$ cat entry16.tsv   # TSV, C-alpha atoms and all ligand atoms
chain	number	residue	atom	x	y	z
K	26	MET	CA	-96.26	-71.33	6.67
K	27	ALA	CA	-92.52	-71.22	7.42
K	28	SER	CA	-90.91	-74.51	8.42
K	29	LYS	CA	-90.32	-74.90	12.13
K	30	ILE	CA	-86.69	-75.54	13.06
K	31	ILE	CA	-85.58	-76.38	16.59
K	32	LEU	CA	-82.11	-75.00	17.34
K	33	LEU	CA	-79.98	-76.80	19.92
K	34	PRO	CA	-76.71	-74.86	20.35
K	35	GLY	CA	-75.67	-77.11	23.26
K	36	ASP	CA	-72.29	-76.61	24.89
K	37	GLY	CA	-68.68	-75.58	24.26
K	38	ILE	CA	-68.18	-74.23	20.74
K	39	GLY	CA	-71.86	-75.01	19.97
K	40	PRO	CA	-73.25	-71.48	20.37
K	41	GLU	CA	-70.23	-70.04	18.49
K	42	ILE	CA	-70.91	-72.10	15.37
K	43	ILE	CA	-74.70	-72.06	15.34
K	44	ALA	CA	-75.03	-68.26	15.32
K	45	PRO	CA	-73.10	-67.80	12.04
K	46	THR	CA	-75.04	-70.72	10.54
K	47	LEU	CA	-78.25	-68.71	10.95
K	48	GLU	CA	-76.62	-65.80	9.10
K	49	LEU	CA	-75.80	-68.16	6.27
K	50	LEU	CA	-79.34	-69.57	6.15
K	51	ASP	CA	-80.72	-66.01	5.99
K	52	ALA	CA	-78.25	-65.09	3.27
K	53	VAL	CA	-79.24	-68.07	1.14
K	54	GLY	CA	-82.78	-66.73	1.18
K	55	THR	CA	-84.51	-69.21	3.45
K	56	SER	CA	-86.77	-68.03	6.22
K	57	PHE	CA	-87.70	-70.37	9.02
K	58	ASP	CA	-89.58	-70.25	12.26
K	59	TYR	CA	-86.70	-70.89	14.71
K	60	GLU	CA	-87.15	-72.01	18.30
K	61	GLU	CA	-84.06	-72.39	20.48
K	62	HIS	CA	-83.86	-74.85	23.39
K	63	ARG	CA	-81.21	-75.59	25.98
K	64	PHE	CA	-79.69	-79.02	25.44
K	65	GLY	CA	-76.93	-81.18	26.89
K	66	GLY	CA	-74.88	-79.63	29.69
K	67	ALA	CA	-76.76	-76.32	29.36
K	68	SER	CA	-80.01	-78.18	30.00
K	69	ILE	CA	-78.51	-80.10	32.95
K	70	ASP	CA	-77.55	-76.77	34.54
K	71	ALA	CA	-81.01	-75.28	33.98
K	72	HIS	CA	-83.29	-78.30	34.46
K	73	GLY	CA	-81.22	-81.15	35.92
K	74	THR	CA	-81.54	-83.27	32.78
K	75	ALA	CA	-79.84	-83.15	29.36
K	76	LEU	CA	-83.11	-83.46	27.44
K	77	THR	CA	-86.40	-82.28	28.93
K	78	ASP	CA	-89.74	-83.78	27.90
K	79	GLU	CA	-90.65	-80.35	26.57
K	80	THR	CA	-87.60	-80.12	24.31
K	81	LEU	CA	-88.15	-83.65	22.99
K	82	ALA	CA	-91.81	-82.87	22.27
K	83	ALA	CA	-90.82	-79.64	20.48
K	84	CYS	CA	-88.34	-81.58	18.33
K	85	GLN	CA	-90.93	-84.25	17.51
K	86	ALA	CA	-93.37	-81.55	16.38
K	87	ALA	CA	-90.80	-79.63	14.29
K	88	ASP	CA	-89.84	-79.94	10.62
K	89	ALA	CA	-86.14	-80.38	11.46
K	90	VAL	CA	-83.66	-80.11	14.33
K	91	LEU	CA	-80.32	-78.34	13.97
K	92	LEU	CA	-77.81	-79.25	16.69
K	93	ALA	CA	-74.25	-78.02	17.27
K	94	ALA	CA	-72.61	-80.14	20.01
K	95	VAL	CA	-72.90	-81.17	23.64
K	96	GLY	CA	-70.57	-82.08	26.48
K	97	GLY	CA	-67.65	-80.70	28.41
K	98	PRO	CA	-65.42	-81.20	31.44
K	99	LYS	CA	-67.97	-79.54	33.72
K	100	TRP	CA	-70.31	-82.50	33.30
K	101	ASP	CA	-67.74	-85.29	32.94
K	102	THR	CA	-68.47	-87.96	35.50
K	103	THR	CA	-68.05	-91.71	35.87
K	104	ASP	CA	-70.91	-91.87	38.35
K	105	PRO	CA	-73.83	-93.65	36.62
K	106	ALA	CA	-76.30	-91.84	38.90
K	107	LYS	CA	-75.30	-88.38	37.61
K	108	PRO	CA	-76.70	-86.90	34.39
K	109	ARG	CA	-74.42	-86.50	31.34
K	110	PRO	CA	-74.90	-84.20	28.32
K	111	GLU	CA	-74.46	-87.11	25.90
K	112	GLN	CA	-77.60	-88.77	27.34
K	113	GLY	CA	-79.55	-85.90	25.77
K	114	LEU	CA	-78.19	-86.74	22.35
K	115	LEU	CA	-78.94	-90.44	22.71
K	116	GLY	CA	-82.43	-89.67	24.04
K	117	LEU	CA	-83.12	-87.37	21.11
K	118	ARG	CA	-81.90	-89.89	18.51
K	119	LYS	CA	-84.04	-92.61	20.08
K	120	GLY	CA	-87.00	-90.31	20.70
K	121	LEU	CA	-87.07	-89.20	17.07
K	122	GLY	CA	-86.45	-92.73	15.75
K	123	LEU	CA	-83.31	-91.58	13.89
K	124	TYR	CA	-81.85	-94.94	12.98
K	125	ALA	CA	-79.92	-93.77	9.90
K	126	ASN	CA	-76.90	-91.53	10.36
K	127	LEU	CA	-75.38	-90.35	7.08
K	128	ARG	CA	-71.82	-89.04	7.25
K	129	PRO	CA	-70.54	-88.01	3.81
K	130	VAL	CA	-66.75	-87.86	3.53
K	131	ARG	CA	-65.86	-85.80	0.48
K	132	PRO	CA	-62.30	-84.45	0.78
K	133	LEU	CA	-61.92	-81.26	-1.26
K	134	PRO	CA	-58.90	-80.99	-3.55
K	135	ALA	CA	-58.18	-77.59	-1.95
K	136	LEU	CA	-57.67	-79.38	1.37
K	137	TYR	CA	-55.68	-82.42	0.25
K	138	ASP	CA	-52.54	-80.89	1.71
K	139	ALA	CA	-54.28	-80.00	5.00
K	140	SER	CA	-54.59	-83.71	5.79
K	141	PRO	CA	-51.85	-85.64	7.59
K	142	LEU	CA	-52.32	-88.28	4.88
K	143	LYS	CA	-50.59	-88.16	1.52
K	144	ARG	CA	-52.42	-86.44	-1.34
K	145	GLU	CA	-52.07	-89.60	-3.51
K	146	VAL	CA	-53.89	-91.61	-0.84
K	147	ILE	CA	-56.80	-89.17	-0.56
K	148	GLU	CA	-57.27	-88.33	-4.24
K	149	GLY	CA	-60.60	-89.47	-5.65
K	150	THR	CA	-62.15	-90.29	-2.27
K	151	ASP	CA	-65.90	-89.66	-2.05
K	152	LEU	CA	-67.53	-92.00	0.42
K	153	LEU	CA	-70.56	-92.17	2.66
K	154	VAL	CA	-70.61	-93.73	6.11
K	155	VAL	CA	-74.10	-95.06	6.89
K	156	ARG	CA	-74.06	-95.57	10.64
K	157	GLU	CA	-76.84	-97.41	12.49
K	158	LEU	CA	-77.80	-94.95	15.22
K	159	THR	CA	-80.45	-96.31	17.59
K	160	GLY	CA	-79.24	-99.82	18.43
K	161	GLY	CA	-76.22	-101.83	19.47
K	162	ILE	CA	-74.10	-101.35	22.55
K	163	TYR	CA	-75.16	-97.71	22.97
K	164	PHE	CA	-78.70	-98.73	23.83
K	165	GLY	CA	-78.42	-102.23	25.35
K	166	GLU	CA	-78.99	-102.95	29.01
K	167	LYS	CA	-76.23	-101.68	31.29
K	168	THR	CA	-75.20	-102.91	34.72
K	169	ARG	CA	-72.74	-101.50	37.18
K	170	THR	CA	-71.52	-102.39	40.64
K	171	ARG	CA	-68.39	-101.09	42.35
K	172	ASP	CA	-66.26	-103.82	40.77
K	173	SER	CA	-68.02	-104.92	37.62
K	174	ALA	CA	-69.91	-103.45	34.68
K	175	SER	CA	-71.56	-104.65	31.49
K	176	ASP	CA	-73.07	-103.23	28.29
K	177	VAL	CA	-75.28	-105.45	26.15
K	178	CYS	CA	-74.87	-105.19	22.37
K	179	ALA	CA	-78.10	-106.30	20.70
K	180	TYR	CA	-79.53	-106.09	17.17
K	181	ASN	CA	-82.54	-107.66	15.54
K	182	ARG	CA	-83.23	-108.46	11.89
K	183	GLU	CA	-85.54	-105.51	11.33
K	184	GLU	CA	-83.00	-103.00	12.66
K	185	ILE	CA	-80.30	-104.39	10.37
K	186	GLU	CA	-82.55	-104.59	7.31
K	187	ARG	CA	-83.74	-101.00	7.50
K	188	ILE	CA	-80.24	-99.52	7.80
K	189	ALA	CA	-78.89	-101.81	5.07
K	190	ARG	CA	-81.72	-100.65	2.79
K	191	VAL	CA	-80.60	-97.04	3.29
K	192	ALA	CA	-77.06	-98.05	2.32
K	193	PHE	CA	-78.07	-100.02	-0.80
K	194	ARG	CA	-80.27	-97.15	-1.99
K	195	ALA	CA	-77.42	-94.65	-1.55
K	196	ALA	CA	-74.82	-96.78	-3.35
K	197	ARG	CA	-73.40	-95.73	-6.70
K	198	ARG	CA	-70.72	-98.43	-7.01
K	199	LYS	CA	-70.88	-100.74	-4.05
K	200	VAL	CA	-71.74	-101.26	-0.42
K	201	THR	CA	-69.09	-102.29	2.06
K	202	SER	CA	-70.65	-103.80	5.15
K	203	VAL	CA	-68.29	-103.54	8.11
K	204	ASP	CA	-68.59	-105.95	11.04
K	205	LYS	CA	-66.63	-108.19	13.39
K	206	ALA	CA	-68.29	-111.44	12.30
K	207	ASN	CA	-65.19	-113.45	13.20
K	208	VAL	CA	-65.90	-112.83	16.89
K	209	ILE	CA	-69.12	-111.01	17.73
K	210	GLU	CA	-72.55	-112.65	17.57
K	211	THR	CA	-74.45	-109.48	16.57
K	212	SER	CA	-71.97	-109.12	13.69
K	213	ARG	CA	-72.73	-112.66	12.48
K	214	LEU	CA	-76.44	-111.83	12.38
K	215	TRP	CA	-75.58	-108.48	10.73
K	216	ARG	CA	-73.63	-110.20	7.96
K	217	GLU	CA	-76.36	-112.80	7.32
K	218	VAL	CA	-79.15	-110.24	7.19
K	219	VAL	CA	-77.22	-107.88	4.88
K	220	ARG	CA	-76.39	-110.81	2.58
K	221	GLU	CA	-80.02	-111.96	2.44
K	222	LEU	CA	-81.39	-108.47	1.85
K	223	HIS	CA	-78.86	-107.95	-0.92
K	224	ALA	CA	-79.91	-111.14	-2.70
K	225	ALA	CA	-83.60	-110.39	-2.31
K	226	GLU	CA	-83.78	-106.68	-3.08
K	227	PHE	CA	-80.48	-105.26	-4.40
K	228	PRO	CA	-78.67	-107.94	-6.45
K	229	GLN	CA	-77.53	-105.25	-8.94
K	230	VAL	CA	-75.40	-103.49	-6.27
K	231	THR	CA	-71.94	-104.89	-5.51
K	232	LEU	CA	-71.68	-105.98	-1.88
K	233	GLU	CA	-68.56	-106.75	0.12
K	234	HIS	CA	-68.13	-107.61	3.79
K	235	ILE	CA	-64.99	-106.60	5.65
K	236	LEU	CA	-63.93	-106.85	9.27
K	237	VAL	CA	-63.79	-103.61	11.22
K	238	ASP	CA	-60.09	-103.76	12.07
K	239	ASN	CA	-59.25	-104.14	8.39
K	240	ALA	CA	-61.73	-101.37	7.54
K	241	ALA	CA	-59.93	-99.01	9.92
K	242	MET	CA	-56.68	-99.72	8.10
K	243	GLN	CA	-58.15	-99.48	4.55
K	244	LEU	CA	-59.82	-96.18	5.38
K	245	VAL	CA	-56.47	-94.44	5.67
K	246	SER	CA	-54.50	-96.53	3.15
K	247	ASN	CA	-57.00	-97.03	0.31
K	248	PRO	CA	-59.99	-94.74	1.01
K	249	SER	CA	-60.95	-94.11	-2.63
K	250	ASP	CA	-61.89	-97.79	-2.91
K	251	PHE	CA	-64.97	-97.22	-0.70
K	252	ASP	CA	-68.35	-96.00	-1.89
K	253	VAL	CA	-70.92	-96.64	0.86
K	254	ILE	CA	-69.85	-98.10	4.20
K	255	VAL	CA	-72.68	-99.50	6.32
K	256	THR	CA	-71.99	-100.45	9.89
K	257	GLU	CA	-73.32	-100.70	13.42
K	258	ASN	CA	-73.51	-97.84	15.88
K	259	MET	CA	-70.14	-97.94	17.66
K	260	PHE	CA	-68.04	-99.02	14.67
K	261	GLY	CA	-69.61	-96.14	12.72
K	262	ASP	CA	-68.76	-93.67	15.47
K	263	ILE	CA	-65.10	-94.64	15.46
K	264	LEU	CA	-64.65	-95.03	11.70
K	265	SER	CA	-66.25	-91.67	10.94
K	266	ASP	CA	-63.83	-89.73	13.17
K	267	GLU	CA	-61.01	-91.62	11.49
K	268	ALA	CA	-62.43	-90.74	8.06
K	269	ALA	CA	-62.47	-87.08	9.10
K	270	THR	CA	-58.68	-87.00	8.80
K	271	LEU	CA	-59.14	-87.47	5.03
K	272	THR	CA	-60.94	-84.12	4.84
K	273	GLY	CA	-58.23	-82.25	6.74
K	274	SER	CA	-60.11	-81.85	10.03
K	275	ILE	CA	-62.95	-83.18	12.13
K	276	GLY	CA	-64.21	-79.60	11.78
K	277	MET	CA	-65.21	-80.41	8.18
K	278	LEU	CA	-67.59	-83.38	8.60
K	279	PRO	CA	-71.36	-82.87	8.64
K	280	SER	CA	-74.06	-85.44	9.35
K	281	ALA	CA	-77.74	-86.10	8.82
K	282	SER	CA	-79.72	-88.41	11.08
K	283	LEU	CA	-82.97	-89.64	9.57
K	284	GLY	CA	-85.88	-91.82	10.64
K	285	GLU	CA	-89.17	-92.64	8.97
K	286	PRO	CA	-90.14	-90.49	5.97
K	287	GLY	CA	-92.11	-87.42	6.97
K	288	LYS	CA	-90.63	-87.33	10.47
K	289	PRO	CA	-88.14	-84.58	11.46
K	290	GLY	CA	-84.44	-85.28	10.95
K	291	LEU	CA	-81.54	-84.14	13.11
K	292	PHE	CA	-78.59	-82.36	11.53
K	293	GLU	CA	-75.30	-81.93	13.36
K	294	PRO	CA	-71.57	-81.88	12.79
K	295	VAL	CA	-69.68	-85.11	13.55
K	296	HIS	CA	-67.33	-83.30	15.94
K	297	GLY	CA	-68.00	-82.56	19.59
K	298	SER	CA	-68.06	-79.44	21.74
K	299	ALA	CA	-64.25	-78.94	21.50
K	300	PRO	CA	-63.85	-77.75	25.11
K	301	ASP	CA	-60.15	-77.05	24.49
K	302	ILE	CA	-60.99	-74.15	22.16
K	303	ALA	CA	-64.46	-73.13	23.40
K	304	GLY	CA	-64.93	-69.41	23.96
K	305	ALA	CA	-61.95	-68.40	21.84
K	306	GLY	CA	-63.91	-67.70	18.65
K	307	ILE	CA	-61.60	-69.89	16.58
K	308	ALA	CA	-63.76	-72.97	15.94
K	309	ASN	CA	-64.13	-74.11	12.35
K	310	PRO	CA	-67.83	-73.54	11.52
K	311	LEU	CA	-67.76	-75.41	8.19
K	312	ALA	CA	-69.02	-78.80	9.45
K	313	MET	CA	-71.92	-76.91	11.02
K	314	PHE	CA	-72.58	-74.99	7.76
K	315	LEU	CA	-72.49	-78.24	5.79
K	316	SER	CA	-74.86	-79.85	8.32
K	317	ALA	CA	-77.28	-76.98	7.69
K	318	ALA	CA	-76.95	-77.76	3.97
K	319	LEU	CA	-77.85	-81.39	4.69
K	320	MET	CA	-80.88	-80.12	6.62
K	321	LEU	CA	-81.99	-78.08	3.60
K	322	ARG	CA	-81.54	-81.08	1.30
K	323	HIS	CA	-82.70	-84.07	3.34
K	324	GLY	CA	-84.92	-82.38	5.90
K	325	LEU	CA	-86.68	-79.67	3.92
K	326	GLY	CA	-86.29	-80.60	0.24
K	327	LEU	CA	-84.45	-77.35	-0.59
K	328	GLU	CA	-81.82	-78.77	-2.94
K	329	ALA	CA	-80.82	-75.52	-4.66
K	330	GLU	CA	-80.21	-73.75	-1.35
K	331	ALA	CA	-78.26	-76.72	0.00
K	332	ALA	CA	-76.06	-76.77	-3.09
K	333	ALA	CA	-75.54	-72.99	-2.81
K	334	ILE	CA	-74.12	-73.36	0.71
K	335	GLU	CA	-71.92	-76.30	-0.27
K	336	SER	CA	-70.46	-74.54	-3.27
K	337	ALA	CA	-69.87	-71.32	-1.28
K	338	VAL	CA	-67.89	-73.43	1.24
K	339	ASP	CA	-65.94	-75.09	-1.60
K	340	ARG	CA	-65.10	-71.76	-3.20
K	341	ALA	CA	-64.04	-70.11	0.06
K	342	LEU	CA	-61.62	-73.00	0.66
K	343	ALA	CA	-60.36	-72.89	-2.92
K	344	GLN	CA	-59.62	-69.17	-2.35
K	345	GLY	CA	-57.46	-70.12	0.63
K	346	LEU	CA	-59.73	-70.01	3.68
K	347	ARG	CA	-58.05	-72.02	6.46
K	348	THR	CA	-59.12	-72.11	10.09
K	349	ARG	CA	-56.54	-73.21	12.67
K	350	ASP	CA	-57.53	-76.86	12.58
K	351	LEU	CA	-56.73	-76.73	8.84
K	352	GLY	CA	-53.33	-75.16	9.44
K	353	GLY	CA	-54.33	-71.51	8.89
K	354	ASP	CA	-55.22	-68.59	11.11
K	355	ALA	CA	-58.79	-67.65	10.13
K	356	ASN	CA	-61.13	-67.41	13.10
K	357	THR	CA	-64.84	-68.30	13.11
K	358	ARG	CA	-65.84	-64.78	12.05
K	359	ALA	CA	-63.40	-64.68	9.14
K	360	ALA	CA	-64.49	-68.14	7.99
K	361	THR	CA	-68.12	-67.03	8.07
K	362	GLN	CA	-67.36	-63.89	6.04
K	363	ALA	CA	-65.40	-65.91	3.50
K	364	VAL	CA	-68.36	-68.25	2.94
K	365	LEU	CA	-70.95	-65.44	2.96
K	366	SER	CA	-69.02	-63.54	0.31
K	367	ASN	CA	-69.18	-66.60	-1.95
K	368	LEU	CA	-72.92	-67.14	-1.69
R	1	LIG	P1	-64.24	-83.09	19.91
R	1	LIG	O1	-64.71	-83.43	18.55
R	1	LIG	O2	-65.05	-82.12	20.68
R	1	LIG	O3	-62.75	-82.52	19.83
R	1	LIG	C1	-61.64	-83.29	19.35
R	1	LIG	C2	-60.54	-82.35	18.85
R	1	LIG	O4	-60.99	-81.74	17.62
R	1	LIG	C3	-60.24	-81.20	19.80
R	1	LIG	O5	-58.88	-80.89	19.73
R	1	LIG	C4	-61.05	-80.03	19.24
R	1	LIG	O6	-60.54	-78.75	19.51
R	1	LIG	C5	-61.02	-80.34	17.74
R	1	LIG	N1	-62.24	-79.85	17.08
R	1	LIG	C6	-63.47	-80.42	17.10
R	1	LIG	N2	-64.33	-79.67	16.41
R	1	LIG	C7	-63.66	-78.62	15.95
R	1	LIG	C8	-64.01	-77.47	15.17
R	1	LIG	N3	-65.26	-77.29	14.71
R	1	LIG	N4	-63.04	-76.56	14.87
R	1	LIG	C9	-61.78	-76.74	15.30
R	1	LIG	N5	-61.38	-77.79	16.04
R	1	LIG	C10	-62.31	-78.71	16.36
R	1	LIG	O7	-64.10	-84.48	20.70
R	1	LIG	P2	-63.74	-84.77	22.25
R	1	LIG	O8	-62.74	-83.79	22.73
R	1	LIG	O9	-63.49	-86.18	22.33
R	1	LIG	O10	-65.10	-84.49	23.02
R	1	LIG	C11	-65.42	-83.29	23.70
R	1	LIG	C12	-66.85	-83.36	24.22
R	1	LIG	O11	-67.75	-83.38	23.10
R	1	LIG	C13	-67.13	-84.63	25.01
R	1	LIG	O12	-67.96	-84.27	26.09
R	1	LIG	C14	-67.88	-85.52	24.05
R	1	LIG	O13	-68.76	-86.40	24.66
R	1	LIG	C15	-68.63	-84.50	23.23
R	1	LIG	N6	-69.02	-84.92	21.88
R	1	LIG	C16	-70.23	-84.48	21.45
R	1	LIG	C17	-70.63	-84.76	20.17
R	1	LIG	C18	-71.94	-84.25	19.72
R	1	LIG	O14	-72.52	-83.40	20.35
R	1	LIG	N7	-72.45	-84.73	18.60
R	1	LIG	C19	-69.78	-85.47	19.31
R	1	LIG	C20	-68.54	-85.89	19.78
R	1	LIG	C21	-68.16	-85.60	21.07
R	2	LIG	C1	-71.10	-88.65	17.73
R	2	LIG	C2	-70.70	-88.55	19.19
R	2	LIG	C3	-71.75	-89.22	20.06
R	2	LIG	C4	-71.81	-90.70	19.67
R	2	LIG	C5	-71.57	-89.07	21.57
R	2	LIG	C6	-71.37	-87.64	21.99
R	2	LIG	C7	-72.73	-89.67	22.32
R	2	LIG	O1	-69.44	-89.08	19.41
R	2	LIG	O2	-72.18	-88.15	17.38
R	2	LIG	O3	-70.31	-89.16	16.94
R	2	LIG	O4	-71.01	-91.49	20.17
R	2	LIG	O5	-72.67	-91.05	18.86
R	3	MN	MN	-68.40	-89.57	17.58
$ encode --input "entry16.tsv" --output "structure tokens"
Amino acid sequence: MASKIILLPGDGIGPEIIAPTLELLDAVGTSFDYEEHRFGGASIDAHGTALTDETLAACQAADAVLLAAVGGPKWDTTDPAKPRPEQGLLGLRKGLGLYANLRPVRPLPALYDASPLKREVIEGTDLLVVRELTGGIYFGEKTRTRDSASDVCAYNREEIERIARVAFRAARRKVTSVDKANVIETSRLWREVVRELHAAEFPQVTLEHILVDNAAMQLVSNPSDFDVIVTENMFGDILSDEAATLTGSIGMLPSASLGEPGKPGLFEPVHGSAPDIAGAGIANPLAMFLSAALMLRHGLGLEAEAAAIESAVDRALAQGLRTRDLGGDANTRAATQAVLSNL
């Protein structure tokens, strides 16, 4: 039986980048049972909530979930009583138990000069951000009155151990654990737990701990020094967008969000719904294509097909494909054709 894939195009450029991704998946010879659901702002408009119980249940019963992006000015509000598209994403991550977010940052030599950073700085960089995705300040208790507000940042030992295990298993050279242990209590626990797990289960892997402000600086001054970065939810969010500049554009970074083995994963680009360019047909679809490749590899065990998509993307870029965010003038259609012709 064909694998069941839930498609969540979402908002903004979402539908524009998910449609060509299906062409690519067909062209690589995979055939899936697709089921599309409204999600994010589109779901708020139709159902009053960013994630319906029905959509969550469909995702839980699927083999994998492929998501483009959610959000947009139409649903921007600071009123805590109003629904927001992003709540759908958080509800889905929590509802699927997706605690491990993998964000590979592999700048391609063809794009070294598309980055605002110097080629010499980027050269040799191949790192993985392992972001904890279902804990921390995103999910702690929130309060709000007219004049005050609070967000609790909480972690427990088990949550830290399981994400650190993912990082140690992925490491080739070393693990850099990023925290703010000089100030924040959850970071002090984080550092202790990572240190203890390292000693008990992964003594052969090199481990270093660095503070998040220093990490932000090293990421753009000495990125090739990193192998695997493991960090809590919000630090990982911020550092991964920063790391995107190494690849030339946020439009290049894919991600895989995984939970317990055997449960469906969620695959989505790191970027958002890009409201400023939505509808113009000029979005870079490559992060979405590469997210589909991560779905084939991590979600469905189709390594050869995943590698075929990745190398078609590499070759199209080596031949000169550049969307606007990379300093060129290719639109979404032209980028899709360039990749398809290299499959
Ligand atoms: P964004 O990533 O949507 O856009 C930031 C900048 O990058 C914009 O200039 C945009 O045009 C550009 N960009 C992003 N993706 C691109 C692509 N594929 N091709 C070309 N250019 C691209 O971030 P933002 O503007 O801060 O957020 C917009 C909305 O998206 C917000 O509502 C936010 O909450 C949401 N968001 C959603 C996700 C998600 O669904 N996973 C992730 C991040 C932000
Ligand atoms: C991301 C996004 C989300 C996050 C938002 C849209 C909730 O920025 O996937 O990086 O902060 O996790
Ligand atoms: Mn983000």
$ residues_near_ligand --input "entry16.tsv" --ligand "ligand LIG 1 (chain R)" --cutoff "9 Å" --atoms "only C-alpha atoms and all ligand atoms" --output "PyMOL selection string"
chain K and resi 35-39+42+65+92-101+109-111+114+262+266+274-278+293-303+307-313+348-351+357
$ write_last_selection --input "entry16.tsv" --atoms "C-alpha atoms" --output "mmCIF file, in the frame of the given file"
data_model
loop_
_atom_site.group_PDB
_atom_site.id
_atom_site.type_symbol
_atom_site.label_atom_id
_atom_site.label_comp_id
_atom_site.auth_asym_id
_atom_site.auth_seq_id
_atom_site.Cartn_x
_atom_site.Cartn_y
_atom_site.Cartn_z
ATOM 1 C CA GLY K 35 -75.670 -77.110 23.260
ATOM 2 C CA ASP K 36 -72.290 -76.610 24.890
ATOM 3 C CA GLY K 37 -68.680 -75.580 24.260
ATOM 4 C CA ILE K 38 -68.180 -74.230 20.740
ATOM 5 C CA GLY K 39 -71.860 -75.010 19.970
ATOM 6 C CA ILE K 42 -70.910 -72.100 15.370
ATOM 7 C CA GLY K 65 -76.930 -81.180 26.890
ATOM 8 C CA LEU K 92 -77.810 -79.250 16.690
ATOM 9 C CA ALA K 93 -74.250 -78.020 17.270
ATOM 10 C CA ALA K 94 -72.610 -80.140 20.010
ATOM 11 C CA VAL K 95 -72.900 -81.170 23.640
ATOM 12 C CA GLY K 96 -70.570 -82.080 26.480
ATOM 13 C CA GLY K 97 -67.650 -80.700 28.410
ATOM 14 C CA PRO K 98 -65.420 -81.200 31.440
ATOM 15 C CA LYS K 99 -67.970 -79.540 33.720
ATOM 16 C CA TRP K 100 -70.310 -82.500 33.300
ATOM 17 C CA ASP K 101 -67.740 -85.290 32.940
ATOM 18 C CA ARG K 109 -74.420 -86.500 31.340
ATOM 19 C CA PRO K 110 -74.900 -84.200 28.320
ATOM 20 C CA GLU K 111 -74.460 -87.110 25.900
ATOM 21 C CA LEU K 114 -78.190 -86.740 22.350
ATOM 22 C CA ASP K 262 -68.760 -93.670 15.470
ATOM 23 C CA ASP K 266 -63.830 -89.730 13.170
ATOM 24 C CA SER K 274 -60.110 -81.850 10.030
ATOM 25 C CA ILE K 275 -62.950 -83.180 12.130
ATOM 26 C CA GLY K 276 -64.210 -79.600 11.780
ATOM 27 C CA MET K 277 -65.210 -80.410 8.180
ATOM 28 C CA LEU K 278 -67.590 -83.380 8.600
ATOM 29 C CA GLU K 293 -75.300 -81.930 13.360
ATOM 30 C CA PRO K 294 -71.570 -81.880 12.790
ATOM 31 C CA VAL K 295 -69.680 -85.110 13.550
ATOM 32 C CA HIS K 296 -67.330 -83.300 15.940
ATOM 33 C CA GLY K 297 -68.000 -82.560 19.590
ATOM 34 C CA SER K 298 -68.060 -79.440 21.740
ATOM 35 C CA ALA K 299 -64.250 -78.940 21.500
ATOM 36 C CA PRO K 300 -63.850 -77.750 25.110
ATOM 37 C CA ASP K 301 -60.150 -77.050 24.490
ATOM 38 C CA ILE K 302 -60.990 -74.150 22.160
ATOM 39 C CA ALA K 303 -64.460 -73.130 23.400
ATOM 40 C CA ILE K 307 -61.600 -69.890 16.580
ATOM 41 C CA ALA K 308 -63.760 -72.970 15.940
ATOM 42 C CA ASN K 309 -64.130 -74.110 12.350
ATOM 43 C CA PRO K 310 -67.830 -73.540 11.520
ATOM 44 C CA LEU K 311 -67.760 -75.410 8.190
ATOM 45 C CA ALA K 312 -69.020 -78.800 9.450
ATOM 46 C CA MET K 313 -71.920 -76.910 11.020
ATOM 47 C CA THR K 348 -59.120 -72.110 10.090
ATOM 48 C CA ARG K 349 -56.540 -73.210 12.670
ATOM 49 C CA ASP K 350 -57.530 -76.860 12.580
ATOM 50 C CA LEU K 351 -56.730 -76.730 8.840
ATOM 51 C CA THR K 357 -64.840 -68.300 13.110
#
$ residues_around --input "entry16.tsv" --residues "Thr77 (chain K)" --least-positions-apart "6" --cutoff "10 Å" --atoms "all atoms listed in the file" --output "MDAnalysis selection string"
chainID K and resid 62:65 68:69 83 113 116:117
$ atom_distance --input "entry16.tsv" --atom1 "CA of Phe227 (chain K)" --atom2 "CA of Pro289 (chain K)"
27.2 Å
$ atom_distance --input "entry16.tsv" --atom1 "CA of Thr55 (chain K)" --atom2 "CA of Ala317 (chain K)"
11.4 Å
$ residues_around --input "entry16.tsv" --residues "Ser56 (chain K)" --least-positions-apart "4" --cutoff "10 Å" --atoms "only C-alpha atoms" --output "list of chain:residue names"
K:Ala27, K:Ser28, K:Lys29, K:Leu47, K:Leu50, K:Asp51, K:Ala52
$ closest_residue --input "entry16.tsv" --among "K:Glu186, K:Asp204, K:Asp339, K:Glu148" --to "Ser246 (chain K)" --atoms "all atoms listed in the file"
K:Glu148
$ atom_distance --input "entry16.tsv" --atom1 "CA of Leu33 (chain K)" --atom2 "CA of Leu271 (chain K)"
27.7 Å
$ residues_near_point --input "entry16.tsv" --point "(-58.5, -75.9, -1.1)" --cutoff "12 Å" --atoms "all atoms listed in the file" --output "list in words"
Pro132, Leu133, Pro134, Ala135, Leu136, Tyr137, Asp138, Ala139, Ser140, Thr272, Gly273, Val338, Asp339, Arg340, Ala341, Leu342, Ala343, Gln344, Gly345, Leu346, Arg347, Thr348, Leu351, Gly352 and Gly353 of chain K
